[in-house]
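Participant: Below you'll find the structure I mean.
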Amino acid sequence: MNIAEFPSAVIRENVDYTVKEITNIIKKYGPRESGNEACYDAEKHIKKELDQFCDETHFEEYKMAPRAFLHFTKLVSALVLIGVIASFVLVFALNLPDFFVGHCIVGVCVAIGLFVTAMEFLMYKKFMDPMYKKITAHNLVAARKPRGEVKKRIVISGHIDAAYEWRPIYYLKEKGMGLWMGLSIGTAVISLIAAVISVVAHFVDMGAFGSFMLDYSFYFNALTAASMVLLFTFVNFSRISPGANDNLTGTYAAVCALRMLDMAGVELENTEVVAMITDGEEAGLRGAKAFAEAHKEEYLSGDVKTAVLCVDTLTDYDYLNVYHKDMTGTVKNDGEFSELVRRSADEAGYKGAKLANLFFGASDAAAFSQAGITATCLAAMDPAPADYYHNRRDSYDRLNPDSIEIGYKTVLQTIFNFDAE
């Protein structure tokens, strides 16, 4: 089947349904922090809808620590700030001839801080999780069976949880991210380099340059300490974004994929279509990681060819892209499947979709790709980032029905192409 043959009235009705449902969920269930009761209640609400047109629905439980992923911003900034202040106090209190001891202290603190940041925010490892209390979270899975034997499976996925507010974007919009992160990470890296050079200069004669680094470069750490205050205030853990676009639009892309097939009476011959609503994406892809781990053998070793399309934010029409590079460009999503989705967008009537690089952050698709499962991400969001990204502006008044519609058409065409090819 082709999207041109699919009833356009069904797509439009589902776009309207999506806008109404997203508005209802935000008003009825409130802030959806990863793994909290509001997330689970919203998922149970959606399950009742899915039960009406799916062959099977169920929840899958897993454990996660909601704040472990981003709480490193507090711990790292506090560690470096304490290290810098303590170094100044020790150096001037002991009246040392140079700042060697101070450089050692700051260098160690910054190195630990950058390592933790890389493990959590660059590689999305569960590095800090053992330090935090675990809670039970849920992934919601629904399936629509084909007429015949299941030979293929396509999973449409979106996450239900919303993000903690990021103060830089709320107060300074797109410029805030570069300023906050640039100063925090940039000054930390410079301090580490200065510390290493100064320690070497303490033992090796490096001439005037070495003397300068030992005697004066340490004062740069005052700027590093100030930037750590910015990092400490980066995440507002007391406020949750409404998450209308990021990512209730992706959630309902999964729900409505099955709903539209049912409304149009479309039954595929051998392709099972699955809707998967994950929790914990904003807590470091924890829901997707748990699901990928639980289903890795089934999805990789079984006879059913499986692909996962993660939909994450359908808002900014001019930025509809397929992200074949994920997790700050360190993870490659499946190239062939990514191209199929990009081509599907073209066939659905959107001619500008590109294979893009998610150069900051990650999507659930990265968790599946890391597990070896065929996956990619479809999103329509200004990568600047958008002014509603991870803050209170991401509410139902910012929904864009045109972007939702082209996203839904792309998802449907992807299902048809995957089934046919």
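Just so we're on the same page: first chain in the structure tokens is A, next is B, and so on; residues restart at 1 for each chain, and ligands are numbered from 1 in the order they show up.
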Within 9 Å of stretch 367-376 of chain A, which residues of stretch 216-322 of chain A show up? Give each one with its shortest atom-to-atom distance in Å (one decimal) and the two atoms involved, counting only C-alpha atoms, rows by chain then rising residue number, as JSON lines.
Facilitator:
```
{"residue": "A:Leu285", "atom": "CA", "partner": "A:Ala367", "partner_atom": "CA", "distance": 6.7}
{"residue": "A:Arg286", "atom": "CA", "partner": "A:Ala367", "partner_atom": "CA", "distance": 8.5}
{"residue": "A:Ala288", "atom": "CA", "partner": "A:Ala367", "partner_atom": "CA", "distance": 6.0}
{"residue": "A:Lys289", "atom": "CA", "partner": "A:Ala367", "partner_atom": "CA", "distance": 5.3}
{"residue": "A:Ala290", "atom": "CA", "partner": "A:Ala367", "partner_atom": "CA", "distance": 9.0}
{"residue": "A:Phe291", "atom": "CA", "partner": "A:Phe368", "partner_atom": "CA", "distance": 8.6}
{"residue": "A:Ala292", "atom": "CA", "partner": "A:Phe368", "partner_atom": "CA", "distance": 5.7}
{"residue": "A:Glu293", "atom": "CA", "partner": "A:Ala371", "partner_atom": "CA", "distance": 7.2}
{"residue": "A:Lys296", "atom": "CA", "partner": "A:Ala371", "partner_atom": "CA", "distance": 6.9}
{"residue": "A:Tyr299", "atom": "CA", "partner": "A:Ile373", "partner_atom": "CA", "distance": 6.8}
{"residue": "A:Leu300", "atom": "CA", "partner": "A:Ile373", "partner_atom": "CA", "distance": 6.6}
{"residue": "A:Thr306", "atom": "CA", "partner": "A:Thr374", "partner_atom": "CA", "distance": 6.8}
{"residue": "A:Ala307", "atom": "CA", "partner": "A:Thr374", "partner_atom": "CA", "distance": 4.8}
{"residue": "A:Val308", "atom": "CA", "partner": "A:Ala375", "partner_atom": "CA", "distance": 4.5}
{"residue": "A:Leu309", "atom": "CA", "partner": "A:Thr376", "partner_atom": "CA", "distance": 5.4}
{"residue": "A:Cys310", "atom": "CA", "partner": "A:Thr376", "partner_atom": "CA", "distance": 6.2}
{"residue": "A:Val311", "atom": "CA", "partner": "A:Thr376", "partner_atom": "CA", "distance": 8.7}
{"residue": "A:Val322", "atom": "CA", "partner": "A:Thr376", "partner_atom": "CA", "distance": 7.2}
```
Participant: Check the DSSP output for the backbone and give back, as a list of chain:residue names, the residues of stretch 225-301 of chain A in strand (DSSP E).
Facilitator: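 Secondary structure check on stretch 225-301 of chain A, strand (DSSP E): A:Val235, A:Asn236, A:Phe237, A:Ser238, A:Arg239, A:Ile240, A:Thr271, A:Glu272, A:Val273, A:Val274, A:Ala275, A:Met276, A:Ile277, A:Thr278.
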Participant: Those selected residues, please, written with N, CA and C atoms and delivered as a short mmCIF file (atom, residue, chain, number, x, y, z; two decimals), in the first residue's frame.
Facilitator:
```
data_model
loop_
_atom_site.label_atom_id
_atom_site.label_comp_id
_atom_site.auth_asym_id
_atom_site.auth_seq_id
_atom_site.Cartn_x
_atom_site.Cartn_y
_atom_site.Cartn_z
N VAL A 235 20.08 22.49 35.76
CA VAL A 235 18.83 21.73 35.78
C VAL A 235 17.98 22.16 36.97
N ASN A 236 16.73 22.46 36.70
CA ASN A 236 15.77 22.79 37.76
C ASN A 236 14.96 21.54 38.07
N PHE A 237 15.39 20.81 39.10
CA PHE A 237 14.75 19.54 39.42
C PHE A 237 13.37 19.71 40.06
N SER A 238 13.02 20.93 40.41
CA SER A 238 11.72 21.17 41.04
C SER A 238 10.62 21.46 40.02
N ARG A 239 10.98 21.57 38.74
CA ARG A 239 9.97 21.83 37.71
C ARG A 239 10.14 20.86 36.55
N ILE A 240 9.02 20.28 36.11
CA ILE A 240 9.01 19.34 34.99
C ILE A 240 8.36 20.01 33.79
N THR A 271 3.43 -8.60 8.35
CA THR A 271 4.17 -7.65 9.19
C THR A 271 3.37 -7.28 10.44
N GLU A 272 3.95 -7.55 11.59
CA GLU A 272 3.36 -7.13 12.86
C GLU A 272 3.78 -5.69 13.14
N VAL A 273 2.82 -4.86 13.55
CA VAL A 273 3.11 -3.47 13.90
C VAL A 273 2.94 -3.32 15.41
N VAL A 274 3.99 -2.82 16.06
CA VAL A 274 4.02 -2.70 17.52
C VAL A 274 4.13 -1.23 17.90
N ALA A 275 3.33 -0.82 18.87
CA ALA A 275 3.49 0.50 19.49
C ALA A 275 4.16 0.30 20.84
N MET A 276 5.24 1.03 21.07
CA MET A 276 5.95 0.90 22.34
C MET A 276 6.08 2.29 22.97
N ILE A 277 5.54 2.45 24.15
CA ILE A 277 5.62 3.70 24.89
C ILE A 277 6.61 3.50 26.02
N THR A 278 7.76 4.13 25.91
CA THR A 278 8.79 3.96 26.93
C THR A 278 8.69 5.05 28.00
#
```
Participant: Quick check, in Å to one decimal: how far apart do atom CA of A:Ala356 and atom CA of A:Asn417 lie?
Facilitator: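 Atom CA of A:Asn417 lies at a distance of 20.6 Å from atom CA of A:Ala356.
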Participant: Any chance you could list, as a PyMOL selection string, the residues in stretch 75-251 of chain A that come up alpha helix (DSSP H) when DSSP is run on the backbone?
Facilitator: chain A and resi 75-94+100-117+167-172+174-203+207-215+221-232+249-251
Participant: Tell me, as a PyMOL selection string, which residues lie within 9 Å of A:Val106, counting only C-alpha atoms; anything in the same chain fewer than 4 positions away does not count.
Facilitator: chain A and resi 80-81+83-84+86-87+101-102+110-111+191-192+195+221
Participant: With N, CA, C and O atoms retained, write the just-selected residues as a PDB file, in the first residue's frame.
Facilitator:
```pdb
ATOM      1  N   VAL A  80      34.205  20.305  41.799  1.00  0.00           N
ATOM      2  CA  VAL A  80      35.208  21.208  41.229  1.00  0.00           C
ATOM      3  C   VAL A  80      35.250  22.523  42.002  1.00  0.00           C
ATOM      4  O   VAL A  80      36.329  23.062  42.293  1.00  0.00           O
ATOM      5  N   LEU A  81      34.083  23.051  42.361  1.00  0.00           N
ATOM      6  CA  LEU A  81      34.020  24.314  43.099  1.00  0.00           C
ATOM      7  C   LEU A  81      34.717  24.190  44.448  1.00  0.00           C
ATOM      8  O   LEU A  81      35.521  25.064  44.839  1.00  0.00           O
ATOM      9  N   GLY A  83      37.019  22.006  45.197  1.00  0.00           N
ATOM     10  CA  GLY A  83      38.443  21.814  44.931  1.00  0.00           C
ATOM     11  C   GLY A  83      39.170  23.122  44.681  1.00  0.00           C
ATOM     12  O   GLY A  83      40.274  23.348  45.195  1.00  0.00           O
ATOM     13  N   VAL A  84      38.557  24.017  43.895  1.00  0.00           N
ATOM     14  CA  VAL A  84      39.179  25.306  43.587  1.00  0.00           C
ATOM     15  C   VAL A  84      39.287  26.164  44.848  1.00  0.00           C
ATOM     16  O   VAL A  84      40.341  26.732  45.148  1.00  0.00           O
ATOM     17  N   ALA A  86      39.171  25.218  48.018  1.00  0.00           N
ATOM     18  CA  ALA A  86      40.096  24.605  48.972  1.00  0.00           C
ATOM     19  C   ALA A  86      41.549  24.847  48.570  1.00  0.00           C
ATOM     20  O   ALA A  86      42.417  25.076  49.431  1.00  0.00           O
ATOM     21  N   SER A  87      41.819  24.811  47.284  1.00  0.00           N
ATOM     22  CA  SER A  87      43.182  25.015  46.791  1.00  0.00           C
ATOM     23  C   SER A  87      43.663  26.431  47.086  1.00  0.00           C
ATOM     24  O   SER A  87      44.798  26.636  47.544  1.00  0.00           O
ATOM     25  N   VAL A 101      50.617  22.473  44.567  1.00  0.00           N
ATOM     26  CA  VAL A 101      49.619  21.709  45.320  1.00  0.00           C
ATOM     27  C   VAL A 101      48.214  22.040  44.828  1.00  0.00           C
ATOM     28  O   VAL A 101      47.368  21.158  44.636  1.00  0.00           O
ATOM     29  N   GLY A 102      47.967  23.339  44.590  1.00  0.00           N
ATOM     30  CA  GLY A 102      46.656  23.745  44.095  1.00  0.00           C
ATOM     31  C   GLY A 102      46.336  23.137  42.753  1.00  0.00           C
ATOM     32  O   GLY A 102      45.205  22.682  42.509  1.00  0.00           O
ATOM     33  N   VAL A 110      38.808  18.182  38.582  1.00  0.00           N
ATOM     34  CA  VAL A 110      38.280  18.411  37.233  1.00  0.00           C
ATOM     35  C   VAL A 110      38.312  17.128  36.414  1.00  0.00           C
ATOM     36  O   VAL A 110      37.364  16.827  35.678  1.00  0.00           O
ATOM     37  N   ALA A 111      39.379  16.351  36.544  1.00  0.00           N
ATOM     38  CA  ALA A 111      39.466  15.091  35.792  1.00  0.00           C
ATOM     39  C   ALA A 111      38.336  14.149  36.180  1.00  0.00           C
ATOM     40  O   ALA A 111      37.700  13.522  35.316  1.00  0.00           O
ATOM     41  N   SER A 191      41.292  24.351  32.675  1.00  0.00           N
ATOM     42  CA  SER A 191      41.890  24.165  34.001  1.00  0.00           C
ATOM     43  C   SER A 191      42.650  22.849  34.096  1.00  0.00           C
ATOM     44  O   SER A 191      43.724  22.774  34.708  1.00  0.00           O
ATOM     45  N   LEU A 192      42.101  21.805  33.496  1.00  0.00           N
ATOM     46  CA  LEU A 192      42.779  20.509  33.510  1.00  0.00           C
ATOM     47  C   LEU A 192      44.089  20.571  32.735  1.00  0.00           C
ATOM     48  O   LEU A 192      45.126  20.071  33.193  1.00  0.00           O
ATOM     49  N   ALA A 195      46.578  22.501  34.691  1.00  0.00           N
ATOM     50  CA  ALA A 195      47.062  21.719  35.832  1.00  0.00           C
ATOM     51  C   ALA A 195      48.120  20.709  35.405  1.00  0.00           C
ATOM     52  O   ALA A 195      49.159  20.558  36.068  1.00  0.00           O
ATOM     53  N   ASN A 221      41.485  29.433  37.472  1.00  0.00           N
ATOM     54  CA  ASN A 221      40.513  28.569  38.146  1.00  0.00           C
ATOM     55  C   ASN A 221      39.408  29.354  38.841  1.00  0.00           C
ATOM     56  O   ASN A 221      38.367  28.784  39.180  1.00  0.00           O
TER      57      ASN A 221
END
```
Participant: Compile the contact shell of A:Ala162 as a list in words: residues with an atom at most 8 Å away, counting only C-alpha atoms, same-chain residues fewer than 3 positions apart removed.
Facilitator: Pro31, Arg32, Glu33, Ser34, Ile240, Ser241, Pro242, Gly243, Asp246, Asn247, Glu282 and His390 of chain A
Participant: Give me the residues near A:His159 as a list in words, where near means some atom within 8 Å (using only C-alpha atoms) and where sequence neighbours in that chain fewer than 6 positions away do not count.
Facilitator: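 Counting only the stated atoms, we get Asn247, Leu248, Gly250, Thr251, Ile277, Thr278, Asp279, Gly280, Glu281 and Asp312 of chain A.
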Participant: For the selection you just gave me, I'd like the residues written to a file as an mmCIF file, in the first residue's frame, keeping all heavy atoms.
Facilitator:
```cif
data_model
loop_
_atom_site.group_PDB
_atom_site.id
_atom_site.type_symbol
_atom_site.label_atom_id
_atom_site.label_comp_id
_atom_site.auth_asym_id
_atom_site.auth_seq_id
_atom_site.Cartn_x
_atom_site.Cartn_y
_atom_site.Cartn_z
ATOM 1 N N ASN A 247 7.660 14.365 24.868
ATOM 2 C CA ASN A 247 7.509 13.725 23.595
ATOM 3 C C ASN A 247 6.136 13.065 23.484
ATOM 4 O O ASN A 247 6.008 11.937 23.055
ATOM 5 C CB ASN A 247 8.624 12.703 23.391
ATOM 6 C CG ASN A 247 8.581 12.034 22.043
ATOM 7 O OD1 ASN A 247 8.250 12.631 21.042
ATOM 8 N ND2 ASN A 247 8.898 10.758 22.024
ATOM 9 N N LEU A 248 5.089 13.785 23.873
ATOM 10 C CA LEU A 248 3.755 13.232 23.661
ATOM 11 C C LEU A 248 3.415 13.151 22.187
ATOM 12 O O LEU A 248 2.606 12.309 21.776
ATOM 13 C CB LEU A 248 2.710 14.057 24.413
ATOM 14 C CG LEU A 248 2.696 13.875 25.934
ATOM 15 C CD1 LEU A 248 1.670 14.792 26.586
ATOM 16 C CD2 LEU A 248 2.414 12.422 26.316
ATOM 17 N N GLY A 250 5.538 12.109 19.954
ATOM 18 C CA GLY A 250 6.100 10.811 19.581
ATOM 19 C C GLY A 250 5.303 9.666 20.147
ATOM 20 O O GLY A 250 5.106 8.628 19.498
ATOM 21 N N THR A 251 4.812 9.847 21.383
ATOM 22 C CA THR A 251 3.962 8.833 22.002
ATOM 23 C C THR A 251 2.734 8.563 21.145
ATOM 24 O O THR A 251 2.394 7.401 20.852
ATOM 25 C CB THR A 251 3.521 9.300 23.409
ATOM 26 O OG1 THR A 251 4.670 9.349 24.262
ATOM 27 C CG2 THR A 251 2.488 8.369 24.002
ATOM 28 N N ILE A 277 5.539 2.446 24.154
ATOM 29 C CA ILE A 277 5.624 3.704 24.885
ATOM 30 C C ILE A 277 6.615 3.498 26.021
ATOM 31 O O ILE A 277 6.346 2.759 26.972
ATOM 32 C CB ILE A 277 4.252 4.127 25.451
ATOM 33 C CG1 ILE A 277 3.158 4.003 24.383
ATOM 34 C CG2 ILE A 277 4.332 5.528 26.022
ATOM 35 C CD1 ILE A 277 3.416 4.810 23.128
ATOM 36 N N THR A 278 7.763 4.131 25.913
ATOM 37 C CA THR A 278 8.793 3.963 26.934
ATOM 38 C C THR A 278 8.687 5.049 27.998
ATOM 39 O O THR A 278 8.183 6.143 27.759
ATOM 40 C CB THR A 278 10.209 4.012 26.326
ATOM 41 O OG1 THR A 278 10.451 5.313 25.767
ATOM 42 C CG2 THR A 278 10.384 2.955 25.266
ATOM 43 N N ASP A 279 9.185 4.717 29.167
ATOM 44 C CA ASP A 279 9.383 5.684 30.243
ATOM 45 C C ASP A 279 10.905 5.790 30.432
ATOM 46 O O ASP A 279 11.648 4.889 30.056
ATOM 47 C CB ASP A 279 8.691 5.193 31.519
ATOM 48 C CG ASP A 279 8.637 6.245 32.615
ATOM 49 O OD1 ASP A 279 9.183 7.351 32.409
ATOM 50 O OD2 ASP A 279 8.047 5.967 33.670
ATOM 51 N N GLY A 280 11.361 6.899 30.990
ATOM 52 C CA GLY A 280 12.772 6.996 31.349
ATOM 53 C C GLY A 280 13.703 7.483 30.260
ATOM 54 O O GLY A 280 14.922 7.458 30.455
ATOM 55 N N GLU A 281 13.194 7.955 29.132
ATOM 56 C CA GLU A 281 14.089 8.501 28.102
ATOM 57 C C GLU A 281 14.834 9.707 28.643
ATOM 58 O O GLU A 281 16.039 9.873 28.413
ATOM 59 C CB GLU A 281 13.280 8.876 26.855
ATOM 60 C CG GLU A 281 14.129 9.110 25.602
ATOM 61 C CD GLU A 281 14.604 10.540 25.423
ATOM 62 O OE1 GLU A 281 14.253 11.426 26.240
ATOM 63 O OE2 GLU A 281 15.343 10.810 24.460
ATOM 64 N N ASP A 312 10.528 11.243 18.037
ATOM 65 C CA ASP A 312 10.822 12.118 19.180
ATOM 66 C C ASP A 312 10.670 13.581 18.784
ATOM 67 O O ASP A 312 11.598 14.182 18.232
ATOM 68 C CB ASP A 312 12.232 11.862 19.701
ATOM 69 C CG ASP A 312 12.415 12.351 21.125
ATOM 70 O OD1 ASP A 312 11.783 13.363 21.477
ATOM 71 O OD2 ASP A 312 13.180 11.720 21.873
#
```
Participant: Excluding same-chain residues fewer than 3 positions from A:Val229, what lies within 9 Å of it counting only C-alpha atoms, as a list in words?
Facilitator: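 That gives Ser77, Ala78, Leu81, Ser184, Thr224, Ala225, Ala226, Phe232, Thr233 and Phe234 of chain A.
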Participant: Can you tell me how far atom CA of A:Leu314 sits from atom CA of A:Glu56, in Å to one decimal?
Facilitator: 26.6 Å
Participant: One decimal, Å: what's the distance from atom CA of A:Phe337 over to atom CA of A:Pro146, could you say?
Facilitator: 20.8 Å
Participant: Considering only C-alpha atoms, state which residue in the set A:Arg144, A:Lys175, A:Lys125, A:Lys305 is at the smallest distance from A:Glu267.
Facilitator: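 Counting only C-alpha atoms, the residue closest to A:Glu267 is A:Arg144.
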Participant: Looking at A:Pro401, A:Gly148, A:Gly210, A:Gly284, which one is nearest to A:Val196, with distances taken over only C-alpha atoms?
Facilitator: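 The closest residue to A:Val196 is A:Gly210.
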